[in-house]
file final18.txt (compact mmCIF, C-alpha atoms and all ligand atoms)
# COMPACT_ATOMS: atom_id res chain seq x y z
CA MET A 1 184.62 147.92 126.89
CA GLU A 2 181.88 146.28 124.88
CA LEU A 3 179.30 146.59 127.67
CA HIS A 4 180.07 150.22 128.41
CA GLY A 5 177.21 151.82 130.37
CA LYS A 6 175.14 148.63 130.49
CA ARG A 7 173.46 147.84 133.79
CA ILE A 8 173.34 144.13 134.48
CA ALA A 9 171.32 142.55 137.28
CA LEU A 10 173.05 139.26 138.05
CA GLY A 11 171.09 136.57 139.85
CA VAL A 12 173.11 133.80 141.47
CA THR A 13 171.39 130.58 142.53
CA GLY A 14 172.63 127.61 144.53
CA GLY A 15 175.08 125.48 142.60
CA ILE A 16 178.79 124.83 142.68
CA ALA A 17 179.18 126.97 139.54
CA ALA A 18 178.35 129.96 141.78
CA TYR A 19 182.10 130.34 142.32
CA LYS A 20 182.46 131.12 138.60
CA ALA A 21 179.88 133.89 138.94
CA ALA A 22 182.50 135.80 140.96
CA GLU A 23 184.82 135.80 137.92
CA LEU A 24 181.84 136.68 135.74
CA VAL A 25 181.28 139.85 137.78
CA ARG A 26 184.91 140.84 137.26
CA GLN A 27 184.70 140.30 133.52
CA LEU A 28 181.42 142.22 133.21
CA ILE A 29 182.94 145.15 135.04
CA ARG A 30 186.06 144.96 132.89
CA GLU A 31 183.78 145.34 129.84
CA GLY A 32 182.33 148.53 131.32
CA ALA A 33 179.07 147.18 132.81
CA SER A 34 177.73 147.93 136.26
CA VAL A 35 176.60 144.81 138.09
CA GLN A 36 173.94 144.49 140.76
CA VAL A 37 173.98 141.04 142.35
CA ALA A 38 170.98 139.29 143.89
CA MET A 39 171.45 135.83 145.42
CA THR A 40 169.14 133.06 146.51
CA ASP A 41 169.55 131.71 150.00
CA ALA A 42 171.09 128.51 148.60
CA ALA A 43 173.65 130.51 146.62
CA THR A 44 174.96 132.08 149.83
CA ARG A 45 175.90 128.56 151.00
CA PHE A 46 178.40 128.36 148.13
CA VAL A 47 179.80 131.90 147.95
CA THR A 48 179.19 134.68 150.45
CA PRO A 49 177.52 137.98 149.52
CA VAL A 50 180.70 139.70 150.74
CA THR A 51 182.60 138.27 147.75
CA PHE A 52 180.10 139.67 145.28
CA GLN A 53 179.87 142.97 147.13
CA ALA A 54 183.63 143.40 146.95
CA LEU A 55 183.78 142.51 143.25
CA SER A 56 180.73 144.50 142.14
CA GLY A 57 181.29 147.46 144.46
CA ARG A 58 177.60 147.36 145.41
CA PRO A 59 175.57 145.91 148.24
CA VAL A 60 174.23 142.46 147.42
CA PHE A 61 170.54 141.62 147.89
CA THR A 62 169.44 138.23 149.18
CA ASP A 63 166.22 138.92 151.01
CA GLN A 64 162.90 140.19 149.70
CA TRP A 65 162.29 141.88 153.04
CA ASP A 66 165.61 143.81 152.83
CA ALA A 67 164.98 147.23 154.35
CA ARG A 68 167.88 148.92 152.48
CA ILE A 69 165.66 149.93 149.59
CA GLY A 70 163.52 152.85 150.77
CA ASN A 71 160.16 151.65 149.45
CA ASN A 72 161.00 148.04 150.39
CA MET A 73 160.44 146.97 146.79
CA ALA A 74 163.82 145.52 145.87
CA HIS A 75 162.11 143.05 143.51
CA ILE A 76 160.70 145.92 141.44
CA ASP A 77 163.51 148.44 141.69
CA LEU A 78 166.36 146.05 140.84
CA SER A 79 164.88 145.13 137.47
CA ARG A 80 163.75 148.67 136.61
CA GLU A 81 167.35 149.78 136.96
CA ALA A 82 168.71 146.99 134.72
CA ASP A 83 169.22 146.65 130.96
CA ALA A 84 169.25 142.87 131.33
CA LEU A 85 168.81 140.28 134.07
CA LEU A 86 171.22 137.35 133.86
CA VAL A 87 170.84 134.36 136.17
CA ALA A 88 174.13 132.45 136.32
CA PRO A 89 174.26 129.78 137.53
CA ALA A 90 170.58 128.88 137.17
CA SER A 91 169.86 125.68 139.10
CA ALA A 92 167.32 123.07 137.98
CA ASP A 93 165.11 124.03 140.92
CA PHE A 94 165.26 127.74 140.09
CA LEU A 95 164.44 127.11 136.42
CA ALA A 96 161.46 124.97 137.49
CA ARG A 97 160.21 127.70 139.78
CA ILE A 98 160.40 130.49 137.23
CA ALA A 99 158.92 128.27 134.50
CA HIS A 100 155.84 128.10 136.71
CA GLY A 101 155.82 131.76 137.64
CA LEU A 102 156.61 131.15 141.30
CA ALA A 103 157.78 134.15 143.27
CA ASP A 104 158.72 132.91 146.70
CA ASP A 105 162.05 134.62 147.22
CA LEU A 106 163.74 137.84 146.09
CA LEU A 107 165.30 136.49 142.89
CA SER A 108 162.23 134.63 141.60
CA THR A 109 160.08 137.68 142.42
CA LEU A 110 162.57 139.84 140.58
CA VAL A 111 162.28 137.52 137.54
CA LEU A 112 158.49 137.73 137.59
CA ALA A 113 158.37 141.49 138.13
CA ARG A 114 161.09 142.37 135.62
CA ASP A 115 160.61 144.66 132.65
CA CYS A 116 163.97 143.83 131.03
CA PRO A 117 165.18 140.80 129.05
CA LEU A 118 166.07 137.67 131.03
CA LEU A 119 168.97 135.35 130.19
CA VAL A 120 169.67 132.18 132.17
CA ALA A 121 172.76 129.99 132.28
CA PRO A 122 171.70 126.51 133.47
CA ALA A 123 174.16 124.58 135.64
CA MET A 124 173.39 121.12 136.95
CA ASN A 125 174.28 117.44 136.86
CA ARG A 126 173.78 115.87 133.41
CA GLN A 127 170.93 113.61 134.56
CA MET A 128 169.14 116.58 136.06
CA TRP A 129 169.57 118.44 132.76
CA GLU A 130 168.34 115.50 130.68
CA ASN A 131 165.39 114.83 132.98
CA PRO A 132 162.15 115.35 131.03
CA ALA A 133 160.89 117.68 133.76
CA THR A 134 163.89 120.02 133.26
CA GLN A 135 163.55 119.80 129.47
CA ARG A 136 159.85 120.69 129.76
CA ASN A 137 160.73 123.69 131.90
CA ILE A 138 163.43 124.80 129.45
CA ALA A 139 160.96 124.55 126.55
CA THR A 140 158.47 126.64 128.55
CA LEU A 141 161.10 129.28 129.30
CA ARG A 142 162.18 129.39 125.64
CA GLY A 143 158.55 129.81 124.65
CA ASP A 144 158.35 132.73 127.08
CA GLY A 145 161.19 134.44 125.18
CA ILE A 146 163.86 133.77 127.79
CA ALA A 147 167.37 133.25 126.41
CA ILE A 148 168.91 129.96 127.51
CA LEU A 149 172.72 130.22 127.46
CA GLY A 150 174.24 126.73 127.24
CA PRO A 151 174.69 124.56 129.13
CA GLY A 152 178.13 123.38 128.09
CA CYS A 153 179.40 119.84 127.95
CA GLY A 154 182.32 118.38 129.92
CA ASP A 155 183.50 117.29 133.36
CA GLN A 156 181.12 118.03 136.19
CA ALA A 157 181.79 118.71 139.88
CA CYS A 158 180.00 115.45 140.76
CA GLY A 159 182.63 113.48 138.82
CA GLU A 160 180.36 112.70 135.88
CA SER A 161 180.76 114.10 132.41
CA GLY A 162 178.13 115.43 130.01
CA LEU A 163 175.77 118.34 129.31
CA GLY A 164 174.96 120.57 132.23
CA ARG A 165 178.07 122.66 132.93
CA MET A 166 177.54 126.38 133.21
CA LEU A 167 179.12 128.22 130.27
CA GLU A 168 182.44 129.81 131.16
CA PRO A 169 182.39 133.47 132.29
CA ASP A 170 183.92 134.68 129.00
CA GLU A 171 181.25 132.80 127.02
CA LEU A 172 178.52 134.39 129.14
CA VAL A 173 180.02 137.84 128.63
CA ALA A 174 180.14 137.21 124.85
CA ALA A 175 176.48 136.12 124.96
CA LEU A 176 175.49 139.32 126.75
CA ILE A 177 177.44 141.46 124.26
CA ALA A 178 175.67 139.62 121.42
CA HIS A 179 172.33 140.12 123.14
CA PHE A 180 172.72 143.90 123.02
CA GLN A 181 173.55 144.11 119.29
CA PRO A 182 170.74 145.29 116.99
CA LYS A 183 169.33 142.34 115.02
CA LEU A 184 169.98 143.97 111.63
CA LEU A 185 170.41 140.63 109.82
CA ALA A 186 167.60 138.66 111.50
CA GLY A 187 166.37 135.91 109.18
CA CYS A 188 169.32 136.37 106.82
CA ARG A 189 171.82 133.69 105.79
CA LEU A 190 175.40 134.83 105.38
CA LEU A 191 178.29 132.82 103.96
CA LEU A 192 181.86 134.02 104.23
CA THR A 193 185.43 132.94 103.63
CA ALA A 194 188.29 133.82 105.96
CA GLY A 195 191.95 133.12 106.59
CA PRO A 196 194.58 132.14 104.03
CA THR A 197 194.59 129.16 101.69
CA PHE A 198 197.48 126.72 101.57
CA GLU A 199 198.56 125.24 98.23
CA ALA A 200 200.70 122.14 98.56
CA ILE A 201 204.06 121.85 96.80
CA ASP A 202 204.72 118.48 98.41
CA PRO A 203 203.42 116.81 101.62
CA VAL A 204 205.34 119.22 103.88
CA ARG A 205 205.66 122.42 101.87
CA GLY A 206 203.30 124.86 100.32
CA ILE A 207 202.43 128.36 99.15
CA THR A 208 200.27 130.50 101.38
CA ASN A 209 199.33 134.09 102.15
CA LEU A 210 199.85 136.00 105.38
CA SER A 211 196.42 136.22 106.98
CA SER A 212 195.49 135.79 110.64
CA GLY A 213 191.81 135.38 109.77
CA ARG A 214 190.87 137.86 112.50
CA MET A 215 188.95 140.31 110.32
CA GLY A 216 186.91 137.51 108.75
CA TYR A 217 186.21 135.89 112.12
CA ALA A 218 185.14 139.28 113.52
CA ILE A 219 182.68 139.66 110.63
CA ALA A 220 181.33 136.15 111.25
CA ARG A 221 180.82 137.02 114.91
CA ALA A 222 179.22 140.41 114.15
CA ALA A 223 176.85 138.88 111.58
CA ARG A 224 175.83 136.19 114.07
CA GLU A 225 175.30 138.81 116.78
CA ALA A 226 173.10 140.69 114.30
CA GLY A 227 170.88 137.62 114.01
CA ALA A 228 172.17 136.04 110.78
CA GLU A 229 172.66 132.32 110.25
CA VAL A 230 176.39 132.28 109.51
CA THR A 231 178.54 129.73 107.67
CA LEU A 232 182.27 130.39 107.80
CA VAL A 233 184.47 128.63 105.26
CA SER A 234 187.87 128.98 106.85
CA GLY A 235 191.40 128.36 105.67
CA PRO A 236 193.99 127.23 108.25
CA VAL A 237 194.02 129.70 111.17
CA ALA A 238 194.56 129.44 114.93
CA LEU A 239 191.27 131.01 116.01
CA PRO A 240 188.28 129.60 117.89
CA CYS A 241 185.01 129.46 115.94
CA PRO A 242 182.71 132.32 117.05
CA PRO A 243 179.72 131.06 119.09
CA GLY A 244 176.70 130.06 117.01
CA VAL A 245 178.66 130.06 113.72
CA THR A 246 178.99 126.94 111.52
CA ARG A 247 182.61 126.55 110.47
CA ILE A 248 183.81 124.49 107.52
CA ALA A 249 187.56 124.00 107.62
CA VAL A 250 189.35 123.89 104.27
CA THR A 251 192.97 124.09 103.18
CA SER A 252 193.32 124.89 99.48
CA ALA A 253 191.58 127.42 97.22
CA GLN A 254 189.93 124.58 95.30
CA GLN A 255 188.47 123.14 98.52
CA MET A 256 187.34 126.63 99.51
CA ARG A 257 185.69 127.14 96.12
CA GLU A 258 183.86 123.82 96.36
CA ALA A 259 182.61 124.53 99.91
CA VAL A 260 181.43 128.00 98.86
CA LEU A 261 179.74 127.03 95.57
CA GLN A 262 177.84 124.21 97.31
CA ARG A 263 176.26 126.76 99.64
CA ALA A 264 176.23 130.09 97.79
CA GLY A 265 172.77 129.56 96.27
CA GLU A 266 171.10 129.21 99.64
CA ASN A 267 172.62 132.35 101.17
CA ASP A 268 171.50 135.99 101.02
CA VAL A 269 175.01 137.41 101.46
CA PHE A 270 178.49 136.23 100.51
CA VAL A 271 181.54 137.97 101.99
CA GLY A 272 184.93 136.96 100.60
CA VAL A 273 187.44 137.90 103.27
CA ALA A 274 189.88 135.05 102.65
CA ALA A 275 193.35 135.77 101.31
CA VAL A 276 193.09 133.17 98.56
CA ALA A 277 196.40 132.19 96.97
CA ASP A 278 196.40 133.43 93.39
CA TYR A 279 198.38 130.44 92.12
CA ARG A 280 198.96 126.81 93.08
CA PRO A 281 201.61 124.30 92.03
CA ALA A 282 200.41 122.57 88.86
CA SER A 283 201.30 119.09 90.08
CA PRO A 284 202.14 118.81 93.79
CA ALA A 285 204.65 116.06 94.55
CA THR A 286 203.18 113.10 96.43
CA ARG A 287 206.51 112.47 98.17
CA LYS A 288 208.78 114.99 99.92
CA ILE A 289 211.05 116.74 97.43
CA LYS A 290 214.70 116.03 98.36
CA LYS A 291 217.68 118.32 97.95
CA ASP A 292 219.97 116.65 95.48
CA GLY A 293 222.71 119.29 95.64
CA GLY A 294 221.96 120.64 92.17
CA ALA A 295 219.96 123.70 91.16
CA PRO A 296 216.44 123.72 92.58
CA SER A 297 213.86 122.60 90.07
CA PRO A 298 211.31 125.29 89.15
CA ILE A 299 207.73 124.94 90.40
CA GLU A 300 205.15 125.30 87.68
CA LEU A 301 202.15 127.32 88.86
CA VAL A 302 198.58 127.50 87.61
CA ALA A 303 195.99 130.16 88.48
CA ASN A 304 193.42 129.45 91.18
CA PRO A 305 189.74 130.07 90.52
CA ASP A 306 188.42 133.48 91.63
CA ILE A 307 185.79 132.33 94.12
CA LEU A 308 184.22 135.73 94.64
CA ALA A 309 183.91 136.47 90.92
CA GLU A 310 182.33 133.05 90.38
CA VAL A 311 179.75 133.60 93.10
CA ALA A 312 178.99 137.09 91.76
CA ALA A 313 178.41 135.56 88.28
CA LEU A 314 175.79 133.05 89.50
CA PRO A 315 172.37 133.50 87.83
CA VAL A 316 170.87 134.68 91.15
CA PRO A 317 173.90 135.75 93.21
CA PRO A 318 173.78 136.59 96.91
CA LEU A 319 174.75 140.14 97.82
CA CYS A 320 178.52 139.88 97.26
CA VAL A 321 181.11 141.72 99.34
CA GLY A 322 184.84 141.57 98.63
CA PHE A 323 188.02 142.71 100.32
CA ALA A 324 191.00 144.45 98.81
CA ALA A 325 194.10 144.45 100.98
CA GLU A 326 196.69 146.61 99.24
CA SER A 327 200.13 147.97 100.02
CA HIS A 328 199.58 151.12 97.88
CA ASP A 329 197.08 152.92 95.59
CA LEU A 330 194.24 151.44 97.63
CA HIS A 331 191.46 153.56 96.11
CA ASP A 332 192.34 152.73 92.51
CA TYR A 333 192.85 149.02 93.07
CA ALA A 334 189.78 148.58 95.25
CA GLU A 335 187.43 150.30 92.80
CA LYS A 336 188.98 148.41 89.86
CA LYS A 337 188.44 145.09 91.68
CA ARG A 338 184.86 145.99 92.50
CA ARG A 339 184.14 146.57 88.82
CA ALA A 340 186.14 143.59 87.56
CA LYS A 341 184.40 141.17 89.93
CA LYS A 342 181.03 142.93 89.42
CA ILE A 343 180.25 143.20 93.12
CA PRO A 344 178.25 145.94 94.85
CA LEU A 345 180.59 146.45 97.82
CA ILE A 346 184.32 146.10 98.35
CA VAL A 347 186.16 146.76 101.59
CA GLY A 348 189.62 148.25 101.15
CA ASN A 349 192.41 148.31 103.67
CA LEU A 350 196.07 149.16 103.60
CA ILE A 351 198.21 146.19 104.63
CA SER A 352 200.23 148.53 106.87
CA ASP A 353 197.05 149.40 108.82
CA GLY A 354 195.82 146.12 110.14
CA PHE A 355 197.69 142.95 109.37
CA GLY A 356 197.41 140.44 112.19
CA GLY A 357 196.59 143.10 114.80
CA ASP A 358 193.53 143.96 116.88
CA ASP A 359 192.71 147.17 115.00
CA ASN A 360 192.16 147.97 111.38
CA THR A 361 191.29 150.93 109.17
CA LEU A 362 188.81 150.33 106.35
CA ILE A 363 187.23 152.14 103.43
CA LEU A 364 183.98 150.84 101.97
CA PHE A 365 183.52 151.34 98.23
CA ASP A 366 180.04 150.93 96.76
CA ASP A 367 177.76 152.54 94.16
CA GLU A 368 177.24 155.52 96.44
CA GLY A 369 180.97 156.22 96.74
CA GLN A 370 183.48 155.82 99.55
CA HIS A 371 182.74 155.43 103.23
CA PRO A 372 185.86 155.57 105.43
CA LEU A 373 185.72 153.64 108.71
CA PRO A 374 188.45 155.10 110.93
CA THR A 375 190.88 152.94 112.91
CA ALA A 376 189.01 150.81 115.44
CA PRO A 377 189.01 147.27 116.87
CA LYS A 378 188.17 144.72 114.18
CA ILE A 379 184.91 143.70 115.89
CA GLU A 380 183.69 147.31 115.86
CA LEU A 381 184.52 147.68 112.16
CA ALA A 382 182.84 144.34 111.50
CA ARG A 383 179.65 145.63 113.14
CA ARG A 384 179.71 148.74 110.97
CA LEU A 385 180.23 146.63 107.86
CA VAL A 386 177.29 144.44 108.91
CA ALA A 387 175.16 147.59 109.23
CA ARG A 388 176.17 148.63 105.69
CA ILE A 389 175.36 145.14 104.38
CA ALA A 390 171.92 145.34 106.06
CA THR A 391 171.28 148.68 104.34
CA LEU A 392 172.30 147.31 100.92
CA LEU A 393 170.10 144.23 101.46
CA GLU A 394 167.13 146.48 102.17
CA LYS A 395 167.74 148.40 98.93
CA ARG A 396 167.98 145.24 96.83
O1 LIG A 401 191.62 139.38 93.27
P1 LIG A 401 192.03 139.80 94.61
O2 LIG A 401 192.72 138.73 95.38
O3 LIG A 401 192.83 141.01 94.68
O4 LIG A 401 190.63 140.19 95.34
C1 LIG A 401 190.42 140.05 96.68
C2 LIG A 401 189.00 139.63 96.93
O5 LIG A 401 188.62 138.53 96.10
C3 LIG A 401 188.80 139.12 98.33
O6 LIG A 401 187.46 139.38 98.68
C4 LIG A 401 189.07 137.64 98.19
O7 LIG A 401 188.47 136.88 99.22
C5 LIG A 401 188.47 137.34 96.84
N1 LIG A 401 189.18 136.28 96.09
C6 LIG A 401 188.56 135.08 95.83
N2 LIG A 401 189.21 134.11 95.11
C7 LIG A 401 190.45 134.32 94.63
C8 LIG A 401 191.10 135.55 94.89
C9 LIG A 401 190.44 136.50 95.62
O8 LIG A 401 187.43 134.86 96.29
N3 LIG A 401 191.05 133.38 93.93
call {"tool": "encode", "arguments": {"input": "final18.txt", "output": "structure tokens", "more": "lines below"}}
Ligand code: C5P
result
Amino acid sequence: MELHGKRIALGVTGGIAAYKAAELVRQLIREGASVQVAMTDAATRFVTPVTFQALSGRPVFTDQWDARIGNNMAHIDLSREADALLVAPASADFLARIAHGLADDLLSTLVLARDCPLLVAPAMNRQMWENPATQRNIATLRGDGIAILGPGCGDQACGESGLGRMLEPDELVAALIAHFQPKLLAGCRLLLTAGPTFEAIDPVRGITNLSSGRMGYAIARAAREAGAEVTLVSGPVALPCPPGVTRIAVTSAQQMREAVLQRAGENDVFVGVAAVADYRPASPATRKIKKDGGAPSPIELVANPDILAEVAALPVPPLCVGFAAESHDLHDYAEKKRRAKKIPLIVGNLISDGFGGDDNTLILFDDEGQHPLPTAPKIELARRLVARIATLLEKR
């Protein structure tokens, strides 16, 4: 319920992607939002208002002369009651009209008269998108502070393939959720590691740690939502990269170290969430090790570099944040690690509390003491950690 209590005015314009707006309404409502739909005349040729009325549970407005609003000012009232106005799909024609301030139907009048943020999700044929006229209009809208969501790339209804697809409903919902987050890290660059590392024994075997990567990915998403430029150095995980985040995929601790050290100097914050393998085989076999029936040969291990400690020891280190996942004596170990690695903030969690799941329970340890963050979804905890990081950055 990440949009709990939010009031969304959803404008639907004429395009085949209008059918996806029906699913979008469902998803917005599932996240706790209330949705008021307004459609252009062309949109009603693709999907009927009845569909949106049934899904949103509210009457749909299509006509600026609609007498259902007492003062006959639907164009004013609909935006005054909204926390955000999202137009999805936004056709090339509609974008052109609002770029020029036209107000010749209910939805364009609503856009002009609004006093809430406007987000648009363009949807059109790739040539229409690439047309200089559309690009000029998009630049104008961006300059006016309007958020342009997408478009995506891929197969189009016309049979062509390219840029111009409306983002999927779940991507639009994620963009709206991000829109509502306070921009606590605006202008800040944040680098983080996530997931496990994998240390090869031979071409098919290796040593790794159990880590789903979900906490680290949630922090990457939360930092991006808070306005940071985020680079995520990720070990092997089965997770999609959060929108707007730059991901660098690595396998071993040495690769992770190299990717981090190359970038640490140009970042304001470094968060080490990765479960880095403490040791790696000293000399991985280049060919698959075969069973020969005798006793297994021992594997000689060497210690991996401590990436976080190295970053913290840079002459001008970013604000460094570490993680301590422990099975017992969390407080002692976490505080010891914070001191040993010389970092201002460490995030402790008991392995039993959050491994691989949706929820976690964290305790933040910093110079001011302990700050418990009770059990909550990982994204919520990530947002609270981001808030703490923003506070520490301010104090620096
Ligand atoms: O030393 P330990 O693994 O217990 O500390 C955990 C913290 O240190 C995590 O933030 C982890 O990402 C980081 N770490 C690291 N490089 C290592 C080991 C841990 O960056 N080789």
call {"tool": "residues_near_point", "arguments": {"input": "final18.txt", "point": "(192.0, 145.7, 101.8)", "cutoff": "6 Å", "atoms": "only C-alpha atoms", "output": "PyMOL selection string"}}
result
chain A and resi 323-326+347-350
call {"tool": "closest_residue", "arguments": {"input": "final18.txt", "among": "A:Arg136, A:Arg280, A:Lys336, A:Arg287", "to": "Leu301 in chain A", "atoms": "only C-alpha atoms"}}
result
A:Arg280
call {"tool": "residues_around", "arguments": {"input": "final18.txt", "residues": "Ile201 in chain A", "least_positions_apart": "6", "cutoff": "12 Å", "atoms": "all atoms listed in the file", "output": "PyMOL selection string"}}
result
chain A and resi 207-208+252+279-289+297-301
call {"tool": "residues_around", "arguments": {"input": "final18.txt", "residues": "Gly32 in chain A", "least_positions_apart": "4", "cutoff": "8 Å", "atoms": "only C-alpha atoms", "output": "mmCIF file with C-alpha atoms, keeping the file's coordinate frame"}}
result
data_model
loop_
_atom_site.group_PDB
_atom_site.id
_atom_site.type_symbol
_atom_site.label_atom_id
_atom_site.label_comp_id
_atom_site.auth_asym_id
_atom_site.auth_seq_id
_atom_site.Cartn_x
_atom_site.Cartn_y
_atom_site.Cartn_z
ATOM 1 C CA MET A 1 184.620 147.920 126.890
ATOM 2 C CA GLU A 2 181.880 146.280 124.880
ATOM 3 C CA LEU A 3 179.300 146.590 127.670
ATOM 4 C CA HIS A 4 180.070 150.220 128.410
ATOM 5 C CA GLY A 5 177.210 151.820 130.370
ATOM 6 C CA LYS A 6 175.140 148.630 130.490
ATOM 7 C CA LEU A 28 181.420 142.220 133.210
#
call {"tool": "residues_near_ligand", "arguments": {"input": "final18.txt", "ligand": "ligand LIG 401 (chain A)", "cutoff": "10 Å", "atoms": "all atoms listed in the file", "output": "PyMOL selection string"}}
result
chain A and resi 192-197+216+253-254+256-257+260+270-279+303-312+320-326+333-334+336-338+340-341+343+345-348
call {"tool": "residues_around", "arguments": {"input": "final18.txt", "residues": "Pro122 in chain A", "least_positions_apart": "3", "cutoff": "8 Å", "atoms": "all atoms listed in the file", "output": "CSV table (one decimal) with C-alpha atoms, keeping the file's coordinate frame"}}
result
chain,number,residue,atom,x,y,z
A,88,ALA,CA,174.1,132.4,136.3
A,89,PRO,CA,174.3,129.8,137.5
A,90,ALA,CA,170.6,128.9,137.2
A,91,SER,CA,169.9,125.7,139.1
A,92,ALA,CA,167.3,123.1,138.0
A,95,LEU,CA,164.4,127.1,136.4
A,148,ILE,CA,168.9,130.0,127.5
A,149,LEU,CA,172.7,130.2,127.5
A,150,GLY,CA,174.2,126.7,127.2
A,151,PRO,CA,174.7,124.6,129.1
A,164,GLY,CA,175.0,120.6,132.2
A,165,ARG,CA,178.1,122.7,132.9
A,166,MET,CA,177.5,126.4,133.2
call {"tool": "atom_distance", "arguments": {"input": "final18.txt", "atom1": "CA of Gly57 in chain A", "atom2": "CA of Ala21 in chain A"}}
result
14.7 Å
call {"tool": "closest_residue", "arguments": {"input": "final18.txt", "among": "A:Ile177, A:Val111, A:Met73, A:Leu191", "to": "Gln27 in chain A", "atoms": "all atoms listed in the file"}}
result
A:Ile177
call {"tool": "residues_around", "arguments": {"input": "final18.txt", "residues": "Asp77 in chain A", "least_positions_apart": "6", "cutoff": "10 Å", "atoms": "only C-alpha atoms", "output": "list in words"}}
result
Ile69, Asn71, Leu110, Ala113 and Arg114 of chain A
call {"tool": "write_last_selection", "arguments": {"input": "final18.txt", "atoms": "C-alpha atoms", "output": "compact mmCIF listing (two decimals), keeping the file's coordinate frame"}}
result
# COMPACT_ATOMS: atom_id res chain seq x y z
CA ILE A 69 165.66 149.93 149.59
CA ASN A 71 160.16 151.65 149.45
CA LEU A 110 162.57 139.84 140.58
CA ALA A 113 158.37 141.49 138.13
CA ARG A 114 161.09 142.37 135.62
call {"tool": "closest_residue", "arguments": {"input": "final18.txt", "among": "A:Asp155, A:Glu335, A:Glu380, A:Asp83", "to": "Glu225 in chain A", "atoms": "all atoms listed in the file"}}
result
A:Glu380
call {"tool": "atom_distance", "arguments": {"input": "final18.txt", "atom1": "CA of Leu78 in chain A", "atom2": "CA of Ala9 in chain A"}}
result
7.0 Å
call {"tool": "closest_atom_pairs", "arguments": {"input": "final18.txt", "of": "range 102-212 of chain A", "to": "range 37-48 of chain A", "cutoff": "12 Å", "atoms": "only C-alpha atoms", "output": "Markdown table"}}
result
| residue | atom | partner | partner_atom | distance |
| --- | --- | --- | --- | --- |
| A:Ala103 | CA | A:Thr40 | CA | 11.9 |
| A:Asp104 | CA | A:Thr40 | CA | 10.4 |
| A:Asp105 | CA | A:Thr40 | CA | 7.3 |
| A:Leu106 | CA | A:Thr40 | CA | 7.2 |
| A:Leu107 | CA | A:Thr40 | CA | 6.3 |
| A:Ser108 | CA | A:Thr40 | CA | 8.6 |
| A:Thr109 | CA | A:Thr40 | CA | 11.0 |
| A:Leu110 | CA | A:Ala38 | CA | 9.1 |
| A:Val111 | CA | A:Ala38 | CA | 10.9 |
call {"tool": "atom_distance", "arguments": {"input": "final18.txt", "atom1": "CA of Ala22 in chain A", "atom2": "CA of Val35 in chain A"}}
result
11.1 Å
call {"tool": "closest_residue", "arguments": {"input": "final18.txt", "among": "A:Met124, A:Ala74, A:Leu385, A:Leu141", "to": "Gly101 in chain A", "atoms": "only C-alpha atoms"}}
result
A:Leu141
call {"tool": "axis_aligned_box", "arguments": {"input": "final18.txt", "around": "range 152-168 of chain A", "padding_each_side": "5 Å", "output": "JSON"}}
result
{"center_x": 179.2, "center_y": 121.3, "center_z": 134.4, "size_x": 18.5, "size_y": 27.1, "size_z": 22.8}
call {"tool": "closest_residue", "arguments": {"input": "final18.txt", "among": "A:Val87, A:Val50, A:Ala295, A:Ala390", "to": "Leu172 in chain A", "atoms": "only C-alpha atoms"}}
result
A:Val87
call {"tool": "residues_around", "arguments": {"input": "final18.txt", "residues": "Ala220 in chain A", "least_positions_apart": "6", "cutoff": "10 Å", "atoms": "all atoms listed in the file", "output": "ChimeraX atom specification"}}
result
/A:190-194,214,226,228-232,241-247,271,379,382-383,386
call {"tool": "closest_residue", "arguments": {"input": "final18.txt", "among": "A:Gly145, A:Pro377, A:Gly162, A:Gly356", "to": "Ala238 in chain A", "atoms": "only C-alpha atoms"}}
result
A:Gly356
call {"tool": "residues_near_point", "arguments": {"input": "final18.txt", "point": "(175.0, 141.0, 134.3)", "cutoff": "8 Å", "atoms": "all atoms listed in the file", "output": "list in words"}}
result
Arg7, Ile8, Ala9, Leu10, Val25, Leu28, Ala33, Ser34, Val35, Gln36, Ala84, Leu85, Leu86 and Leu176 of chain A
call {"tool": "write_last_selection", "arguments": {"input": "final18.txt", "atoms": "C-alpha atoms", "output": "PDB file, in the coordinates of the input"}}
result
ATOM      1  CA  ARG A   7     173.460 147.840 133.790  1.00  0.00           C
ATOM      2  CA  ILE A   8     173.340 144.130 134.480  1.00  0.00           C
ATOM      3  CA  ALA A   9     171.320 142.550 137.280  1.00  0.00           C
ATOM      4  CA  LEU A  10     173.050 139.260 138.050  1.00  0.00           C
ATOM      5  CA  VAL A  25     181.280 139.850 137.780  1.00  0.00           C
ATOM      6  CA  LEU A  28     181.420 142.220 133.210  1.00  0.00           C
ATOM      7  CA  ALA A  33     179.070 147.180 132.810  1.00  0.00           C
ATOM      8  CA  SER A  34     177.730 147.930 136.260  1.00  0.00           C
ATOM      9  CA  VAL A  35     176.600 144.810 138.090  1.00  0.00           C
ATOM     10  CA  GLN A  36     173.940 144.490 140.760  1.00  0.00           C
ATOM     11  CA  ALA A  84     169.250 142.870 131.330  1.00  0.00           C
ATOM     12  CA  LEU A  85     168.810 140.280 134.070  1.00  0.00           C
ATOM     13  CA  LEU A  86     171.220 137.350 133.860  1.00  0.00           C
ATOM     14  CA  LEU A 176     175.490 139.320 126.750  1.00  0.00           C
TER      15      LEU A 176
END
call {"tool": "decode", "arguments": {"input": "final18.txt", "residues": "range 178-186 of chain A", "atoms": "C-alpha atoms", "output": "compact mmCIF listing (two decimals), in the first residue's frame"}}
result
# COMPACT_ATOMS: atom_id res chain seq x y z
CA ALA A 178 8.99 7.50 -6.46
CA HIS A 179 7.43 10.86 -7.28
CA PHE A 180 5.93 11.10 -3.79
CA GLN A 181 9.16 10.37 -1.89
CA PRO A 182 10.91 13.36 -0.30
CA LYS A 183 14.02 14.28 -2.30
CA LEU A 184 16.36 13.96 0.69
CA LEU A 185 19.39 12.99 -1.44
CA ALA A 186 18.87 15.41 -4.35
